[in-house]
>>> print(open('upload-v3.cif').read())   # mmCIF, C-alpha atoms
data_data
#
loop_
_atom_site.group_PDB
_atom_site.id
_atom_site.type_symbol
_atom_site.label_atom_id
_atom_site.label_comp_id
_atom_site.auth_asym_id
_atom_site.auth_seq_id
_atom_site.Cartn_x
_atom_site.Cartn_y
_atom_site.Cartn_z
ATOM 1 C CA MET A 30 137.428 126.696 28.258
ATOM 2 C CA TYR A 31 137.095 127.053 24.478
ATOM 3 C CA ALA A 32 137.119 130.830 24.750
ATOM 4 C CA ALA A 33 140.435 130.684 26.579
ATOM 5 C CA ARG A 34 141.850 128.750 23.610
ATOM 6 C CA TYR A 35 140.399 130.701 20.683
ATOM 7 C CA LEU A 36 139.855 134.289 21.800
ATOM 8 C CA PRO A 37 143.528 135.237 22.195
ATOM 9 C CA PHE A 38 144.165 134.309 18.548
ATOM 10 C CA ALA A 39 141.095 136.262 17.420
ATOM 11 C CA GLY A 40 142.294 139.263 19.425
ATOM 12 C CA ARG A 41 145.807 139.060 17.968
ATOM 13 C CA LEU A 42 144.361 138.795 14.471
ATOM 14 C CA LEU A 43 142.037 141.790 14.953
ATOM 15 C CA VAL A 44 144.853 143.939 16.337
ATOM 16 C CA GLY A 45 147.712 142.692 14.169
ATOM 17 C CA LEU A 46 145.969 142.736 10.789
ATOM 18 C CA PRO A 47 145.422 146.526 10.660
ATOM 19 C CA PHE A 48 149.084 147.066 11.564
ATOM 20 C CA ALA A 49 150.242 144.714 8.797
ATOM 21 C CA MET A 50 147.868 146.305 6.270
ATOM 22 C CA SER A 51 149.067 149.781 7.220
ATOM 23 C CA GLY A 52 152.690 148.729 6.752
ATOM 24 C CA LEU A 53 151.883 147.238 3.347
ATOM 25 C CA SER A 54 150.043 150.368 2.233
ATOM 26 C CA LYS A 55 153.031 152.510 3.219
ATOM 27 C CA LEU A 56 155.245 150.440 0.894
ATOM 28 C CA GLY A 57 153.143 151.656 -2.035
ATOM 29 C CA ALA A 58 153.132 155.276 -0.896
ATOM 30 C CA TYR A 59 156.729 156.180 -0.069
ATOM 31 C CA GLY A 60 156.507 159.798 -1.286
ATOM 32 C CA PRO A 61 153.257 160.794 0.431
ATOM 33 C CA THR A 62 154.246 158.987 3.640
ATOM 34 C CA THR A 63 157.651 160.668 3.920
ATOM 35 C CA GLN A 64 156.032 164.030 3.121
ATOM 36 C CA MET A 65 153.555 163.520 5.976
ATOM 37 C CA ILE A 66 156.368 162.553 8.339
ATOM 38 C CA ASP A 67 158.302 165.664 7.301
ATOM 39 C CA ALA A 68 155.205 167.867 7.627
ATOM 40 C CA VAL A 69 154.780 167.044 11.325
ATOM 41 C CA GLY A 70 158.421 167.894 11.930
ATOM 42 C CA LEU A 71 159.876 164.472 12.642
ATOM 43 C CA PRO A 72 163.572 164.146 11.743
ATOM 44 C CA PHE A 73 164.892 161.803 9.064
ATOM 45 C CA PRO A 74 161.660 161.048 7.176
ATOM 46 C CA ALA A 75 163.245 158.223 5.149
ATOM 47 C CA LEU A 76 164.468 156.484 8.308
ATOM 48 C CA ALA A 77 161.121 157.075 10.039
ATOM 49 C CA PHE A 78 159.405 155.524 7.006
ATOM 50 C CA ALA A 79 161.604 152.413 7.208
ATOM 51 C CA VAL A 80 160.987 152.084 10.952
ATOM 52 C CA ALA A 81 157.228 152.523 10.508
ATOM 53 C CA VAL A 82 157.054 149.860 7.784
ATOM 54 C CA ALA A 83 159.198 147.437 9.785
ATOM 55 C CA VAL A 84 157.212 147.935 12.983
ATOM 56 C CA GLU A 85 153.777 147.861 11.360
ATOM 57 C CA LEU A 86 154.289 145.122 8.794
ATOM 58 C CA GLY A 87 156.749 143.012 10.742
ATOM 59 C CA GLY A 88 155.092 143.580 14.098
ATOM 60 C CA GLY A 89 151.623 142.914 12.722
ATOM 61 C CA ILE A 90 152.672 139.609 11.167
ATOM 62 C CA LEU A 91 154.594 138.517 14.271
ATOM 63 C CA LEU A 92 151.656 139.428 16.508
ATOM 64 C CA ILE A 93 149.209 137.440 14.373
ATOM 65 C CA ALA A 94 151.553 134.447 14.428
ATOM 66 C CA GLY A 95 152.047 134.814 18.155
ATOM 67 C CA PHE A 96 155.838 134.892 17.920
ATOM 68 C CA ARG A 97 157.423 136.758 20.830
ATOM 69 C CA ALA A 98 153.964 138.246 21.273
ATOM 70 C CA ARG A 99 154.621 139.965 24.607
ATOM 71 C CA PHE A 100 157.654 141.858 23.294
ATOM 72 C CA VAL A 101 156.008 142.640 19.939
ATOM 73 C CA ALA A 102 152.872 143.896 21.702
ATOM 74 C CA ILE A 103 154.937 146.305 23.813
ATOM 75 C CA VAL A 104 156.760 147.607 20.712
ATOM 76 C CA LEU A 105 153.460 148.089 18.857
ATOM 77 C CA ALA A 106 151.887 149.792 21.892
ATOM 78 C CA LEU A 107 154.775 152.262 22.098
ATOM 79 C CA PHE A 108 154.544 152.826 18.342
ATOM 80 C CA ALA A 109 150.780 153.473 18.556
ATOM 81 C CA LEU A 110 151.282 155.976 21.379
ATOM 82 C CA ALA A 111 154.138 157.718 19.528
ATOM 83 C CA ALA A 112 151.959 157.948 16.399
ATOM 84 C CA ALA A 113 149.084 159.344 18.467
ATOM 85 C CA VAL A 114 151.236 162.095 19.938
ATOM 86 C CA SER A 115 153.121 162.861 16.703
ATOM 87 C CA PHE A 116 150.284 162.776 14.175
ATOM 88 C CA HIS A 117 147.002 163.183 16.066
ATOM 89 C CA GLY A 118 147.681 165.797 18.741
ATOM 90 C CA ASN A 119 145.418 168.544 17.346
ATOM 91 C CA PHE A 120 142.426 168.153 19.653
ATOM 92 C CA ALA A 121 140.692 171.164 18.080
ATOM 93 C CA ASP A 122 140.043 168.837 15.131
ATOM 94 C CA GLN A 123 137.535 166.229 16.288
ATOM 95 C CA ASN A 124 138.780 163.723 13.694
ATOM 96 C CA GLN A 125 142.332 163.997 15.049
ATOM 97 C CA MET A 126 141.064 163.559 18.592
ATOM 98 C CA PHE A 127 139.195 160.426 17.501
ATOM 99 C CA HIS A 128 142.366 158.982 15.951
ATOM 100 C CA PHE A 129 144.385 159.898 19.042
ATOM 101 C CA LEU A 130 141.931 158.022 21.264
ATOM 102 C CA LYS A 131 141.835 155.089 18.805
ATOM 103 C CA ASN A 132 145.600 154.741 19.086
ATOM 104 C CA VAL A 133 145.387 154.900 22.879
ATOM 105 C CA MET A 134 142.741 152.137 22.853
ATOM 106 C CA ILE A 135 144.866 149.991 20.555
ATOM 107 C CA ALA A 136 147.811 150.457 22.923
ATOM 108 C CA GLY A 137 145.590 149.323 25.795
ATOM 109 C CA GLY A 138 144.642 146.144 23.952
ATOM 110 C CA LEU A 139 148.277 145.482 23.116
ATOM 111 C CA LEU A 140 149.213 145.843 26.774
ATOM 112 C CA GLN A 141 146.658 143.111 27.526
ATOM 113 C CA ILE A 142 148.515 140.842 25.103
ATOM 114 C CA ALA A 143 151.807 141.825 26.750
ATOM 115 C CA ALA A 144 150.373 140.988 30.172
ATOM 116 C CA PHE A 145 148.616 137.702 29.367
ATOM 117 C CA GLY A 146 150.600 136.325 26.440
ATOM 118 C CA ALA A 147 149.738 134.973 23.025
ATOM 119 C CA GLY A 148 147.416 132.141 24.023
ATOM 120 C CA ALA A 149 147.089 128.558 22.856
ATOM 121 C CA PHE A 150 147.220 129.084 19.086
ATOM 122 C CA SER A 151 150.605 130.743 18.826
ATOM 123 C CA ILE A 152 154.210 130.054 18.029
ATOM 124 C CA ASP A 153 155.052 131.134 21.584
ATOM 125 C CA ASN A 154 152.847 128.359 22.957
ATOM 126 C CA ARG A 155 154.436 125.761 20.670
ATOM 127 C CA ARG A 156 157.897 126.891 21.779
ATOM 128 C CA THR A 157 157.002 126.355 25.457
ATOM 129 C CA GLY A 158 155.313 123.012 24.785
ATOM 130 C CA GLY A 159 151.890 124.367 25.743
ATOM 131 C CA ARG A 160 152.821 125.074 29.361
ATOM 132 C CA GLN A 161 152.242 128.819 29.169
ATOM 133 C CA ALA A 162 148.777 128.729 27.546
ATOM 134 C CA THR A 163 147.616 125.868 29.769
ATOM 135 C CA ALA A 164 148.567 127.798 32.895
ATOM 136 C CA HIS A 165 146.774 130.927 31.659
ATOM 137 C CA ALA A 166 143.660 128.958 30.678
ATOM 138 C CA ALA A 167 143.511 127.366 34.116
ATOM 139 C CA GLN A 168 143.745 130.794 35.759
ATOM 140 C CA ALA A 169 140.939 132.113 33.553
ATOM 141 C CA LEU A 170 138.474 129.540 34.887
#
>>> encode(input="upload-v3.cif", output="structure tokens")
Amino acid sequence: MYAARYLPFAGRLLVGLPFAMSGLSKLGAYGPTTQMIDAVGLPFPALAFAVAVAVELGGGILLIAGFRARFVAIVLALFALAAAVSFHGNFADQNQMFHFLKNVMIAGGLLQIAAFGAGAFSIDNRRTGGRQATAHAAQAL
């Protein structure tokens, strides 16, 4: 029973924190980030930079807080898959293949959050008065 209460928050923290940190690091590296975006051939590097920062930083924080977690998890999963295809598609380079698979695994974990919700310690749960997390915890037993 305790795992059903605490593990969803731990999972959101472990997935959301790297996204938020990546978004923050991009804020301090505008030039190199837009150059990398341009180098892979994506259009509008400045716009892509702004989208990446908003999705990573904003999405990471919202996921950790558990606010609209299902929607945010889907957005982050799509972002992770798009990043995998756009930046890590050179499978001749083992490092790129590792990062591609890492992004796919992250997307899989995010889809679990999208499927099962934010859990007990979340803004989503407070907004529903605890009904959602209680129902999921009962199903987990």
>>> resolve_selection(input="upload-v3.cif", expression="the PyMOL selection byres ((chain A and resi 67-76) around 12)", output="PyMOL selection string")
chain A and resi 55-56+59-66+77-83+111-119
>>> resolve_selection(input="upload-v3.cif", expression="the PyMOL selection byres ((chain A and resi 132) around 10)", output="PyMOL selection string")
chain A and resi 106-114+117+126-131+133-138
>>> residues_around(input="upload-v3.cif", residues="Pro37 (chain A)", least_positions_apart="5", cutoff="8 Å", atoms="all atoms listed in the file", output="PyMOL selection string")
chain A and resi 147-150
>>> atom_distance(input="upload-v3.cif", atom1="CA of Phe145 (chain A)", atom2="CA of Ile93 (chain A)")
15.0 Å
>>> residues_around(input="upload-v3.cif", residues="Arg41 (chain A)", least_positions_apart="5", cutoff="10 Å", atoms="all atoms listed in the file", output="compact mmCIF listing (two decimals) with C-alpha atoms, in the frame of the given file")
# COMPACT_ATOMS: atom_id res chain seq x y z
CA LEU A 36 139.85 134.29 21.80
CA LEU A 46 145.97 142.74 10.79
CA GLY A 89 151.62 142.91 12.72
CA ILE A 90 152.67 139.61 11.17
CA LEU A 91 154.59 138.52 14.27
CA LEU A 92 151.66 139.43 16.51
CA ILE A 93 149.21 137.44 14.37
CA ALA A 94 151.55 134.45 14.43
CA GLY A 95 152.05 134.81 18.16
CA ALA A 98 153.96 138.25 21.27
CA ALA A 102 152.87 143.90 21.70
CA GLY A 138 144.64 146.14 23.95
CA LEU A 139 148.28 145.48 23.12
CA ILE A 142 148.51 140.84 25.10
CA ALA A 147 149.74 134.97 23.02
CA GLY A 148 147.42 132.14 24.02
CA SER A 151 150.60 130.74 18.83
>>> closest_residue(input="upload-v3.cif", among="A:Ala144, A:Leu86, A:Ala32, A:Ala39", to="Arg99 (chain A)", atoms="all atoms listed in the file")
A:Ala144
>>> atom_distance(input="upload-v3.cif", atom1="CA of Glu85 (chain A)", atom2="CA of Val44 (chain A)")
10.9 Å
>>> closest_residue(input="upload-v3.cif", among="A:Val104, A:Met50, A:Ala58, A:Leu42", to="Gly88 (chain A)", atoms="only C-alpha atoms")
A:Val104
>>> atom_distance(input="upload-v3.cif", atom1="CA of Gly87 (chain A)", atom2="CA of Tyr31 (chain A)")
28.8 Å
